[in-house]
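Q: Next up, run-v3.txt (compact mmCIF, C-alpha atoms and all ligand atoms).
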# COMPACT_ATOMS: atom_id res chain seq x y z
CA MET A 1 0.00 0.00 0.00
CA GLY A 2 2.82 2.37 0.79
CA THR A 3 0.56 4.60 2.83
CA PHE A 4 3.35 5.42 5.24
CA SER A 5 5.61 6.92 2.62
CA ASP A 6 2.66 8.64 0.98
CA LYS A 7 1.72 10.24 4.21
CA ARG A 8 5.19 11.36 5.00
CA SER A 9 5.87 12.79 1.58
CA ILE A 10 3.58 15.73 2.24
CA SER A 11 5.57 18.82 1.56
CA LEU A 12 5.41 22.07 3.40
CA LYS A 13 7.27 23.76 0.59
CA SER A 14 4.02 24.79 -1.03
CA LEU A 15 3.43 27.14 1.86
CA PHE A 16 6.53 29.10 1.07
CA THR A 17 6.64 29.21 -2.72
CA PRO A 18 6.30 31.22 -4.78
CA SER A 19 5.70 33.95 -2.22
CA PRO A 20 7.61 33.07 0.93
CA PRO A 21 6.52 34.89 4.05
CA SER A 22 9.96 36.44 4.42
CA ASP A 23 9.35 38.29 1.16
CA ALA A 24 5.99 39.31 2.40
CA ILE A 25 7.49 40.69 5.56
CA GLN A 26 10.10 42.65 3.66
CA GLY A 27 7.15 44.29 2.07
CA SER A 28 6.45 46.18 -1.06
CA SER A 29 10.03 46.52 -2.29
CA ASN A 30 9.58 43.19 -3.99
CA ARG A 31 7.58 44.17 -7.05
CA ARG A 32 8.36 41.10 -9.07
CA GLN A 33 5.46 39.32 -7.48
CA ARG A 34 2.25 39.95 -9.28
CA VAL A 35 -1.16 39.03 -8.03
CA LEU A 36 -2.30 36.21 -10.28
CA LEU A 37 -5.60 35.37 -8.67
CA LYS A 38 -8.14 37.43 -6.81
CA PRO A 39 -9.63 36.09 -3.55
CA THR A 40 -12.93 35.63 -5.40
CA ASP A 41 -11.27 33.60 -8.15
CA LEU A 42 -9.56 30.77 -6.29
CA PHE A 43 -11.39 27.74 -7.62
CA HIS A 44 -9.98 26.18 -10.79
CA PRO A 45 -10.18 22.63 -12.09
CA LEU A 46 -6.59 21.46 -11.84
CA SER A 47 -6.20 20.86 -15.57
CA LYS A 48 -7.28 24.43 -16.34
CA SER A 49 -5.50 26.14 -13.46
CA PRO A 50 -3.57 29.30 -14.30
CA ILE A 51 -0.87 28.02 -11.90
CA LYS A 52 1.57 25.59 -13.47
CA GLU A 53 2.20 23.64 -10.25
CA MET A 54 -1.49 22.95 -9.89
CA ARG A 55 -1.77 21.67 -13.45
CA GLU A 56 1.22 19.43 -12.75
CA LYS A 57 -0.39 18.15 -9.61
CA GLY A 58 -3.49 17.24 -11.61
CA LEU A 59 -1.37 15.32 -14.09
CA LEU A 60 0.39 13.45 -11.29
CA ILE A 61 -2.94 12.35 -9.85
CA GLN A 62 -4.13 11.27 -13.31
CA GLN A 63 -0.99 9.16 -13.72
CA HIS A 64 -0.67 7.68 -10.24
CA GLY A 65 -4.11 8.02 -8.71
CA CYS A 66 -7.08 5.70 -8.73
CA CYS A 67 -10.80 5.75 -9.43
CA ALA A 68 -12.67 4.90 -6.25
CA THR A 69 -15.57 3.31 -8.11
CA CYS A 70 -13.25 1.07 -10.16
CA VAL A 71 -11.46 -0.04 -7.02
CA GLU A 72 -14.72 -0.86 -5.27
CA GLU A 73 -16.22 -2.67 -8.26
CA THR A 74 -13.25 -4.96 -8.78
CA ALA A 75 -12.94 -5.66 -5.08
CA LYS A 76 -16.65 -6.53 -4.90
CA ALA A 77 -16.22 -8.92 -7.81
CA GLY A 78 -13.62 -10.74 -5.77
CA LYS A 79 -10.75 -9.62 -8.00
CA PRO A 80 -7.72 -7.75 -6.75
CA ALA A 81 -8.63 -4.07 -6.62
CA ALA A 82 -7.80 -2.50 -9.96
CA THR A 83 -8.44 0.87 -11.45
CA ARG A 84 -8.43 2.86 -14.66
CA GLU A 85 -6.62 6.18 -14.58
CA PRO A 86 -8.72 8.99 -13.11
CA HIS A 87 -9.02 11.23 -16.14
CA PHE A 88 -12.43 12.65 -15.20
CA GLU A 89 -12.29 15.87 -13.22
CA CYS A 90 -15.05 16.43 -10.72
CA PRO A 91 -16.66 19.76 -11.63
CA ASP A 92 -17.28 20.59 -7.97
CA CYS A 93 -13.81 20.11 -6.51
CA GLY A 94 -11.69 20.29 -9.66
CA TYR A 95 -9.66 17.17 -8.86
CA PRO A 96 -9.31 14.24 -11.24
CA THR A 97 -11.26 11.82 -9.09
CA HIS A 98 -12.69 9.12 -11.38
CA CYS A 99 -12.07 7.31 -14.65
CA SER A 100 -15.33 8.53 -16.21
CA GLU A 101 -18.33 10.70 -15.58
CA THR A 102 -20.41 7.56 -15.01
CA HIS A 103 -18.11 6.30 -12.29
CA TRP A 104 -18.04 9.77 -10.76
CA ALA A 105 -21.84 9.91 -10.66
CA GLU A 106 -22.00 6.47 -9.02
CA ASP A 107 -19.69 7.44 -6.16
CA ARG A 108 -22.02 8.86 -3.54
CA GLY A 109 -19.25 8.97 -0.92
CA HIS A 110 -17.35 11.49 -2.99
CA SER A 111 -20.09 14.07 -3.24
CA LYS A 112 -21.14 13.52 0.35
CA GLU A 113 -18.02 14.59 2.19
CA LEU A 114 -14.76 14.22 0.32
CA CYS A 115 -15.70 16.65 -2.42
CA GLY A 116 -16.15 19.52 0.03
CA TYR A 117 -12.73 18.96 1.59
CA LEU A 118 -11.10 18.73 -1.84
CA ARG A 119 -12.81 21.92 -2.94
CA GLU A 120 -11.41 23.63 0.16
CA ALA A 121 -7.94 22.25 -0.61
CA ASN A 122 -8.23 23.42 -4.22
CA GLU A 123 -8.99 26.98 -3.13
CA ASP A 124 -6.41 26.95 -0.35
CA GLU A 125 -3.64 25.80 -2.69
CA HIS A 126 -4.56 28.42 -5.27
CA ASP A 127 -4.69 31.07 -2.58
CA LEU A 128 -1.15 30.25 -1.39
CA ARG A 129 0.07 30.65 -4.96
CA SER A 130 -2.13 33.60 -5.83
CA GLY A 131 0.70 36.08 -5.47
CA ARG A 132 -1.07 38.10 -2.80
CA THR A 133 0.94 39.20 0.21
CA LEU A 134 0.39 36.50 2.81
CA ARG A 135 -0.05 38.79 5.79
CA GLU A 136 -1.16 35.96 8.04
CA PHE A 137 2.46 34.75 8.07
CA GLU A 138 3.61 37.98 9.68
CA PHE A 139 3.72 36.63 13.20
CA PRO A 140 3.72 38.57 16.45
CA SER A 141 6.93 38.73 18.43
CA ALA A 142 7.53 38.35 22.15
CA GLN A 143 4.63 38.45 24.57
CA LEU A 144 4.28 41.24 27.10
CA PRO A 145 5.00 39.62 30.46
CA GLU A 146 1.65 40.63 31.96
CA ILE A 147 -0.39 38.94 29.24
CA VAL A 148 -1.28 35.34 29.98
CA VAL A 149 -1.44 33.09 26.98
CA ASN A 150 -4.44 30.76 26.74
CA LEU A 151 -3.56 27.35 25.37
CA SER A 152 -6.99 25.70 25.26
CA ASN A 153 -7.30 25.82 21.46
CA TRP A 154 -6.20 27.67 18.33
CA ASP A 155 -8.74 30.46 18.71
CA SER A 156 -7.75 31.42 22.23
CA PHE A 157 -4.06 30.94 21.52
CA LEU A 158 -4.10 33.17 18.44
CA TYR A 159 -6.20 35.75 20.25
CA THR A 160 -4.12 35.95 23.43
CA ARG A 161 -0.90 35.92 21.41
CA SER A 162 -2.20 38.77 19.23
CA PHE A 163 -2.07 37.12 15.84
CA THR A 164 -3.98 40.05 14.40
CA ASN A 165 -3.39 39.24 10.73
CA ILE A 166 -5.40 36.07 10.79
CA ASN A 167 -8.88 37.07 9.81
CA SER A 168 -10.35 34.14 7.93
CA ASN A 169 -10.67 30.40 8.32
CA ARG A 170 -8.47 30.01 5.26
CA ALA A 171 -5.69 32.10 6.83
CA MET A 172 -6.03 30.00 9.98
CA ARG A 173 -5.68 26.81 8.00
CA HIS A 174 -2.54 28.10 6.27
CA VAL A 175 -0.94 29.19 9.51
CA SER A 176 -1.97 26.17 11.58
CA LYS A 177 -0.23 23.84 9.16
CA VAL A 178 3.17 25.23 10.12
CA LEU A 179 2.49 26.48 13.63
CA THR A 180 1.24 23.06 14.68
CA TYR A 181 4.85 22.00 15.29
CA PRO A 182 6.17 24.73 17.61
CA VAL A 183 2.81 25.27 19.31
CA THR A 184 2.16 21.58 19.97
CA MET A 185 5.57 21.44 21.65
CA GLY A 186 5.06 24.63 23.62
CA ALA A 187 1.53 23.79 24.68
CA THR A 188 2.58 20.36 25.95
CA ILE A 189 5.42 21.68 28.09
CA HIS A 190 3.77 24.90 29.27
CA GLN A 191 2.38 25.22 32.77
CA TYR A 192 -0.99 26.16 31.25
CA SER A 193 -0.95 23.12 29.02
CA PRO A 194 -4.35 21.85 27.83
CA PHE A 195 -3.19 18.40 28.97
CA THR A 196 -4.01 18.08 32.65
CA LEU A 197 -4.99 15.27 35.01
CA LYS A 198 -8.57 15.92 33.91
CA ASN A 199 -7.56 15.85 30.27
CA GLY A 200 -5.40 12.86 29.50
CA LEU A 201 -2.35 13.42 31.65
CA THR A 202 -1.60 10.45 33.91
CA PRO A 203 -0.11 10.79 37.43
CA GLU A 204 3.22 9.67 35.92
CA GLY A 205 2.75 12.30 33.25
CA LEU A 206 2.23 14.96 35.87
CA LYS A 207 5.53 13.94 37.52
CA SER A 208 7.41 14.30 34.25
CA MET A 209 5.83 17.63 33.43
CA THR A 210 6.45 18.93 36.93
CA ALA A 211 10.15 18.15 36.51
CA LEU A 212 10.33 20.15 33.28
CA ARG A 213 8.23 22.99 34.68
CA THR A 214 10.49 23.21 37.74
CA THR A 215 13.34 24.03 35.39
CA ILE A 216 11.21 26.56 33.49
CA LYS A 217 10.29 28.16 36.82
CA GLU A 218 13.97 28.44 37.70
CA HIS A 219 14.58 30.14 34.37
CA ASP A 220 11.78 32.59 35.18
CA LEU A 221 13.20 33.35 38.62
CA ALA A 222 16.72 33.81 37.28
CA ARG A 223 15.80 36.18 34.48
CA SER A 224 16.97 39.33 36.26
CA GLU A 225 20.17 37.83 37.69
CA LYS A 226 22.84 37.97 35.03
CA GLU A 227 25.10 35.42 36.68
CA LEU A 228 22.30 32.93 37.17
CA VAL A 229 21.35 33.28 33.52
CA MET A 230 24.89 32.28 32.53
CA GLN A 231 24.71 29.12 34.62
CA GLN A 232 21.36 27.97 33.32
CA MET A 233 21.00 24.60 31.71
CA PRO A 234 18.96 25.06 28.55
CA LEU A 235 15.75 23.21 27.93
CA ARG A 236 16.59 20.58 25.33
CA VAL A 237 13.76 19.71 22.98
CA PHE A 238 14.55 16.77 20.70
CA VAL A 239 12.57 16.24 17.53
CA LEU A 240 13.22 12.70 16.32
CA GLY A 241 12.62 11.41 12.82
CA ALA A 242 12.51 15.05 11.79
CA ARG A 243 11.49 15.75 8.21
CA ALA A 244 9.13 18.54 7.23
CA GLU A 245 9.39 20.08 10.69
CA ALA A 246 13.16 20.50 10.27
CA MET A 247 12.66 22.30 6.98
CA LEU A 248 10.39 25.02 8.30
CA PRO A 249 11.87 28.51 8.36
CA PRO A 250 13.80 28.73 11.64
CA HIS A 251 11.99 31.87 12.77
CA LEU A 252 8.78 29.81 13.13
CA TYR A 253 10.29 28.17 16.20
CA LEU A 254 10.40 31.55 17.90
CA GLN A 255 6.73 30.87 18.59
CA LEU A 256 7.90 28.08 20.89
CA ALA A 257 10.44 30.38 22.52
CA TYR A 258 7.82 33.10 23.09
CA LEU A 259 5.71 30.63 25.03
CA LEU A 260 8.61 30.04 27.44
CA PRO A 261 10.10 33.52 27.32
CA ASN A 262 12.77 33.17 29.99
CA SER A 263 14.06 29.74 29.05
CA PRO A 264 17.08 29.13 26.89
CA ILE A 265 15.89 26.47 24.42
CA HIS A 266 17.93 24.18 22.21
CA VAL A 267 15.88 22.29 19.65
CA TYR A 268 17.65 19.24 18.22
CA PHE A 269 16.30 17.91 14.94
CA VAL A 270 17.52 14.35 14.59
CA GLY A 271 16.80 11.92 11.78
CA PRO A 272 18.24 10.43 8.62
CA GLU A 273 16.12 12.77 6.52
CA CYS A 274 16.72 15.86 8.57
CA ILE A 275 17.88 18.82 6.50
CA PRO A 276 18.23 22.28 7.97
CA SER A 277 16.03 24.76 6.26
CA ALA A 278 18.01 27.82 5.43
CA ASP A 279 21.47 26.50 4.75
CA GLU A 280 22.21 22.84 4.32
CA ALA A 281 25.83 23.19 5.28
CA ARG A 282 25.16 24.54 8.74
CA SER A 283 24.24 22.26 11.57
CA THR A 284 23.45 24.99 14.08
CA ILE A 285 21.25 28.03 13.63
CA VAL A 286 21.14 30.66 16.34
CA VAL A 287 17.67 32.13 15.98
CA SER A 288 17.74 34.41 19.00
CA THR A 289 19.68 34.87 22.24
CA ARG A 290 17.57 32.12 23.78
CA LEU A 291 16.75 29.87 20.86
CA VAL A 292 19.19 27.62 19.03
CA LEU A 293 18.27 24.99 16.42
CA LYS A 294 20.63 22.06 15.84
CA TYR A 295 20.44 19.50 13.06
CA HIS A 296 21.79 15.96 13.20
CA LYS A 297 21.38 13.92 10.04
CA SER A 298 21.48 10.47 11.61
CA TYR A 299 19.43 8.02 13.63
CA PHE A 300 18.98 8.98 17.26
CA HIS A 301 20.27 5.64 18.54
CA ASP A 302 23.46 6.12 16.48
CA ALA A 303 23.98 9.75 17.44
CA ILE A 304 22.96 9.37 21.08
CA TRP A 305 26.44 9.98 22.48
CA ASN A 306 26.35 13.50 21.08
CA PHE A 307 23.53 14.27 23.48
CA ALA A 308 24.12 12.14 26.60
CA PRO A 309 23.71 12.43 29.53
CA PHE A 310 19.97 13.04 29.66
CA ASP A 311 18.03 14.72 32.40
CA PRO A 312 14.22 14.51 32.78
CA PHE A 313 14.32 18.02 34.28
CA THR A 314 15.65 19.62 31.11
CA ASP A 315 15.09 17.18 28.26
CA VAL A 316 11.93 16.29 26.36
CA PHE A 317 11.34 14.40 23.11
CA PHE A 318 8.85 14.85 20.31
CA MET A 319 8.15 12.57 17.37
CA PHE A 320 5.78 13.98 14.78
CA SER A 321 3.80 11.21 13.11
CA PRO A 322 6.66 8.72 13.38
CA GLY A 323 4.71 5.70 12.15
CA ILE A 324 6.24 3.52 14.87
CA GLY A 325 3.66 0.84 14.22
CA HIS A 326 3.80 0.88 10.46
CA PRO A 327 5.05 -2.49 9.18
CA LYS A 328 7.81 -0.87 7.12
CA ALA A 329 9.05 1.38 9.91
CA ARG A 330 8.43 -0.63 13.07
CA SER A 331 11.74 -2.47 13.31
CA GLY A 332 13.60 0.70 12.33
CA TRP A 333 12.11 2.58 15.25
CA GLN A 334 12.74 -0.12 17.85
CA PRO A 335 16.39 0.71 18.69
CA THR A 336 15.47 4.38 18.99
CA VAL A 337 12.51 3.73 21.28
CA GLU A 338 14.67 1.45 23.41
CA LYS A 339 17.21 4.23 23.94
CA LEU A 340 14.43 6.75 24.53
CA LEU A 341 13.01 4.66 27.35
CA GLU A 342 16.46 4.46 28.96
CA THR A 343 16.65 8.26 29.17
CA LYS A 344 13.59 8.32 31.48
CA CYS A 345 12.65 11.60 29.82
CA ALA A 346 9.16 12.43 28.59
CA VAL A 347 8.39 11.47 24.99
CA PHE A 348 5.44 12.84 23.04
CA ALA A 349 4.36 11.60 19.65
CA THR A 350 1.61 12.48 17.21
CA GLY A 351 -0.45 10.72 14.55
CA PHE A 352 -2.04 11.79 11.24
CA HIS A 353 -5.47 10.47 12.17
CA GLU A 354 -7.08 8.11 14.64
CA ARG A 355 -6.01 4.92 12.85
CA ASP A 356 -2.42 6.12 12.36
CA MET A 357 -2.11 7.02 16.03
CA GLN A 358 -3.72 3.81 17.30
CA THR A 359 -1.40 1.72 15.11
CA ASP A 360 1.61 3.35 16.77
CA VAL A 361 0.17 3.07 20.26
CA LYS A 362 -0.62 -0.61 19.76
CA ALA A 363 2.90 -1.34 18.51
CA LEU A 364 4.42 0.49 21.48
CA ASN A 365 2.28 -1.52 23.87
CA GLU A 366 3.20 -4.78 22.17
CA ASP A 367 6.93 -4.08 21.88
CA PHE A 368 7.63 -2.09 25.05
CA GLY A 369 4.51 -2.32 27.23
CA ASP A 370 6.29 -3.67 30.30
CA LYS A 371 9.11 -1.14 30.07
CA MET A 372 7.11 2.06 29.81
CA ASP A 373 4.65 4.29 31.59
CA TRP A 374 2.03 6.28 29.73
CA LEU A 375 2.25 10.01 30.40
CA LEU A 376 -0.53 11.24 28.15
CA GLU A 377 -3.36 9.02 26.99
CA PRO A 378 -3.83 9.11 23.22
CA ARG A 379 -6.22 11.90 22.30
CA GLU A 380 -6.99 14.61 19.77
CA ASN A 381 -4.51 17.46 19.73
CA PRO A 382 -6.10 20.92 20.06
CA PHE A 383 -3.14 22.27 18.07
CA ALA A 384 -3.42 19.93 15.11
CA SER A 385 -3.15 21.43 11.66
CA LEU A 386 -6.55 22.61 10.45
CA LYS A 387 -5.69 21.55 6.94
CA ARG A 388 -6.29 18.17 5.33
CA ASP A 389 -3.60 16.79 3.07
CA PHE A 390 -4.54 14.35 0.34
CA GLY A 391 -2.43 11.54 -1.05
CA ILE A 392 -1.75 11.66 -4.78
CA ARG A 393 -2.34 7.92 -5.12
CA ASN A 394 -5.65 7.87 -3.36
CA LEU A 395 -7.58 11.05 -2.74
CA ARG A 396 -9.71 9.23 -0.19
CA GLU A 397 -6.70 8.96 2.09
CA TRP A 398 -6.29 12.20 3.92
CA ALA A 399 -4.01 13.16 6.76
CA ILE A 400 -3.90 15.98 9.27
CA SER A 401 -0.53 16.94 10.71
CA ASN A 402 -0.44 16.21 14.45
CA TRP A 403 -4.11 15.22 14.54
CA GLY A 404 -3.61 13.25 17.76
CA ILE A 405 -1.02 13.16 20.52
CA TYR A 406 0.16 10.78 23.27
CA GLY A 407 3.08 10.58 25.66
CA PHE A 408 5.19 7.91 27.34
CA ARG A 409 8.40 7.39 29.26
CA GLY A 410 10.70 4.61 30.39
CA LYS A 411 9.47 3.01 33.62
CA ARG A 412 11.31 4.07 36.73
CA TYR A 413 11.96 1.15 39.02
CA GLU A 414 11.95 3.14 42.21
CA VAL A 415 11.02 1.74 45.58
CA GLN A 416 7.49 2.76 46.34
CA SER A 417 6.91 3.84 49.90
CA LYS A 418 3.83 2.25 51.45
CA GLN A 419 1.32 4.63 52.92
ZN ZN A 501 -13.65 4.01 -12.61
ZN ZN A 502 -15.55 16.54 -6.18
How would this structure read if it were set down as structure tokens?
A:
Amino acid sequence: MGTFSDKRSISLKSLFTPSPPSDAIQGSSNRRQRVLLKPTDLFHPLSKSPIKEMREKGLLIQQHGCCATCVEETAKAGKPAATREPHFECPDCGYPTHCSETHWAEDRGHSKELCGYLREANEDEHDLRSGRTLREFEFPSAQLPEIVVNLSNWDSFLYTRSFTNINSNRAMRHVSKVLTYPVTMGATIHQYSPFTLKNGLTPEGLKSMTALRTTIKEHDLARSEKELVMQQMPLRVFVLGARAEAMLPPHLYLQLAYLLPNSPIHVYFVGPECIPSADEARSTIVVSTRLVLKYHKSYFHDAIWNFAPFDPFTDVFFMFSPGIGHPKARSGWQPTVEKLLETKCAVFATGFHERDMQTDVKALNEDFGDKMDWLLEPRENPFASLKRDFGIRNLREWAISNWGIYGFRGKRYEVQSKQ
């Protein structure tokens, strides 16, 4: 099926070409960009799109995609699922969805829900390439200390963090697709995290988070004492199996730093496919006085000695849609998970949708159940991307970045005192 690789091949590049937000921020000096599409003119069948990339995408789907009706018909007939190429473009969503108009008309499931999501994706993708200035990517900077950020959901986060340029659902979808990474990390660690004992956090989870928050508190207390600041151990946030999230513009991770304004933070992107965004030759990017991004192009279990020793008070791990339970990836992840459990640090991971997440959780339970404690019960992530991504091969397979989240940690064999 290859769903794993399909899922993971989703590119964030489209968000930053042809009009990257940095250009937008630099403003009107860049006159080369011309507005190609008006906000009222965003829907185009892919084959007739004025944007070359969109026409190419349509062709790719026609070559590699499938017709849902064909697949169902052959499967029903007891034959291996087969399909003709989807040359027919649905007039409502503009995607090449079926082999013929007849097969399109027979597919009730398409018109019922999928078509609406595809239509939204069509307009969103055209909007990103419309040539307009993408003001929603002009993000606010540091928070005033007296303003308390609300991390219950996107709406309250964006409001309390003064994201004033986001004024439509479409803009929110664009922004959430990239902000989901730094904000999911920040919201999980933060003292006002949406994950509490009443919302998924286990007693073991509370212990782990209290350790990290003790360090953050110390950073807060030390902020005015110059000498203390020098002695501080940074918070180390490891992102394992990093792909798209390592390629985001580094300044996006300032949104994590702003959530923990007094903490020095080192983010380590580790993974065989990890490429630093701005400059491939550099392995360290200093984003601000308190935020440093480091890139290690290797497996965590091979590179572990670069990072040891580990301390649950300063170190936390994230794995964004790792696919730990996917047949093709499972054995590859095992040595990494084994090392992770030995660190006794908190590990959080996300999934693309319910099934993806549950597959990973099941594999973890089967492979490491007796060696680990759950910190956060699997659940929907309030800071998931608001955008659906569709696989080229099968438009019925959609994914949402960081749809769900869960947390675990190596078991601590401490002597329990009896009450
Ligand atoms: Zn067909
Ligand atoms: Zn449609």
Q: Ligand ZN 502 (chain A): which residues are within 9 Å, counting all atoms listed in the file, as a ChimeraX atom specification?
A: /A:89-97,104,110-111,113-119
Q: Using only C-alpha atoms and all ligand atoms, I'd like a table of the residues in chain A that come within 7 Å of ligand ZN 501 (chain A); for each, show the closest atom pair and its distance in Å rounded to one decimal, ordered by chain and ascending number, as CSV.
A:
residue,atom,partner,partner_atom,distance
A:Cys67,CA,A:ZN501,ZN,4.6
A:Ala68,CA,A:ZN501,ZN,6.5
A:Thr69,CA,A:ZN501,ZN,4.9
A:Cys70,CA,A:ZN501,ZN,3.8
A:Thr83,CA,A:ZN501,ZN,6.2
A:Arg84,CA,A:ZN501,ZN,5.7
A:His98,CA,A:ZN501,ZN,5.3
A:Cys99,CA,A:ZN501,ZN,4.2
A:Ser100,CA,A:ZN501,ZN,6.0
A:His103,CA,A:ZN501,ZN,5.0
Q: Find the residues near segment 146-159 of chain A: any atom within 8 Å, counting only C-alpha atoms, skip ones fewer than 2 places away on the same chain, and give them as a PyMOL selection string.
A: chain A and resi 143-144+161-164+187+192-194+259+382-383
Q: For each of A:Phe348, A:Tyr268, A:Tyr299, A:Trp398, take the minimum atom-to-atom distance to Met185 of chain A, counting only C-alpha atoms, then give the residue where this is smallest.
A: A:Phe348
Q: Between A:Trp374, A:Trp403, A:Tyr258, A:Trp305, single out the one closest to Ser321 of chain A, counting only C-alpha atoms.
A: A:Trp403
Q: Go through A:Asn262, A:Asn402, A:Thr202, A:Gln334 and flag the residue nearest Phe318 of chain A, using only C-alpha atoms for the distances.
A: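 Looking at the shortest contact to Phe318 of chain A, the residue is A:Asn402.
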Q: Report, in Å to a single decimal, how far apart atom CA of Glu377 of chain A and atom CA of Leu340 of chain A are.
A: 18.1 Å
Q: Can you tell me which residues surround Glu125 of chain A at a distance of at most 10 Å, considering only C-alpha atoms, apart from same-chain residues fewer than 4 positions away, and format the answer as a compact mmCIF listing (two decimals) with C-alpha atoms, in the coordinates of the input?
A:
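Wrote it out as around_36.txt, contents follow:
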# COMPACT_ATOMS: atom_id res chain seq x y z
CA SER A 14 4.02 24.79 -1.03
CA LEU A 15 3.43 27.14 1.86
CA LEU A 42 -9.56 30.77 -6.29
CA PHE A 43 -11.39 27.74 -7.62
CA ILE A 51 -0.87 28.02 -11.90
CA GLU A 53 2.20 23.64 -10.25
CA MET A 54 -1.49 22.95 -9.89
CA ARG A 119 -12.81 21.92 -2.94
CA GLU A 120 -11.41 23.63 0.16
CA ALA A 121 -7.94 22.25 -0.61
CA ARG A 129 0.07 30.65 -4.96
CA SER A 130 -2.13 33.60 -5.83
CA HIS A 174 -2.54 28.10 6.27
Q: For each of A:Pro250, A:Glu245, A:Phe310, A:Ala346, take the minimum atom-to-atom distance to Pro322 of chain A, counting only C-alpha atoms, then give the residue where this is smallest.
A: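 Of the candidates, the smallest distance to Pro322 of chain A is held by A:Glu245.
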Q: Quick one: everything within 10 Å of Leu201 of chain A, counting all atoms listed in the file, minus sequence neighbours fewer than 4 positions away in the same chain. Send it as a list of chain:residue names.
A: A:Pro194, A:Phe195, A:Thr196, A:Leu197, A:Gly205, A:Leu206, A:Lys207, A:Met209, A:Trp374, A:Leu375, A:Leu376, A:Glu377, A:Pro378, A:Tyr406, A:Gly407
Q: Between atom CA of Ala222 of chain A and atom CA of Leu254 of chain A, measure the distance and give it in Å to one decimal.
A: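 Taking atom CA of Ala222 of chain A as the start and atom CA of Leu254 of chain A as the end point, the length is 20.5 Å.
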Q: Which residues are close to Val175 of chain A, i.e. within 9 Å by only C-alpha atoms, leaving aside same-chain residues fewer than 5 positions away? Reply as a VMD selection string.
A: chain A and resid 136 to 137 166 170 180 385 to 386
Q: Since the input has fewer atoms than a full residue there, write segment 169-183 of chain A out with N, CA and C atoms, as a compact mmCIF listing (two decimals), in the frame of the given file.
A:
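File out.txt, as written:
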# COMPACT_ATOMS: atom_id res chain seq x y z
N ASN A 169 -10.94 31.82 8.07
CA ASN A 169 -10.67 30.40 8.32
C ASN A 169 -9.56 29.90 7.41
N ARG A 170 -9.51 30.44 6.19
CA ARG A 170 -8.47 30.01 5.26
C ARG A 170 -7.09 30.40 5.79
N ALA A 171 -6.97 31.64 6.28
CA ALA A 171 -5.69 32.10 6.83
C ALA A 171 -5.31 31.22 8.03
N MET A 172 -6.30 30.85 8.82
CA MET A 172 -6.03 30.00 9.98
C MET A 172 -5.53 28.63 9.55
N ARG A 173 -6.13 28.12 8.48
CA ARG A 173 -5.68 26.81 8.00
C ARG A 173 -4.23 26.90 7.52
N HIS A 174 -3.92 27.94 6.75
CA HIS A 174 -2.54 28.10 6.27
C HIS A 174 -1.56 28.11 7.44
N VAL A 175 -1.87 28.95 8.41
CA VAL A 175 -0.94 29.19 9.51
C VAL A 175 -0.84 27.97 10.42
N SER A 176 -1.98 27.31 10.65
CA SER A 176 -1.97 26.17 11.58
C SER A 176 -1.10 25.04 11.04
N LYS A 177 -0.99 24.95 9.74
CA LYS A 177 -0.23 23.84 9.16
C LYS A 177 1.25 23.92 9.54
N VAL A 178 1.77 25.12 9.70
CA VAL A 178 3.17 25.23 10.12
C VAL A 178 3.30 25.44 11.63
N LEU A 179 2.38 26.21 12.18
CA LEU A 179 2.49 26.48 13.63
C LEU A 179 2.20 25.25 14.47
N THR A 180 1.56 24.25 13.89
CA THR A 180 1.24 23.06 14.68
C THR A 180 2.49 22.47 15.34
N TYR A 181 3.64 22.60 14.70
CA TYR A 181 4.85 22.00 15.29
C TYR A 181 5.34 22.76 16.52
N PRO A 182 5.71 24.04 16.40
CA PRO A 182 6.17 24.73 17.61
C PRO A 182 5.10 24.85 18.69
N VAL A 183 3.85 25.04 18.29
CA VAL A 183 2.81 25.27 19.31
C VAL A 183 2.43 23.97 20.02
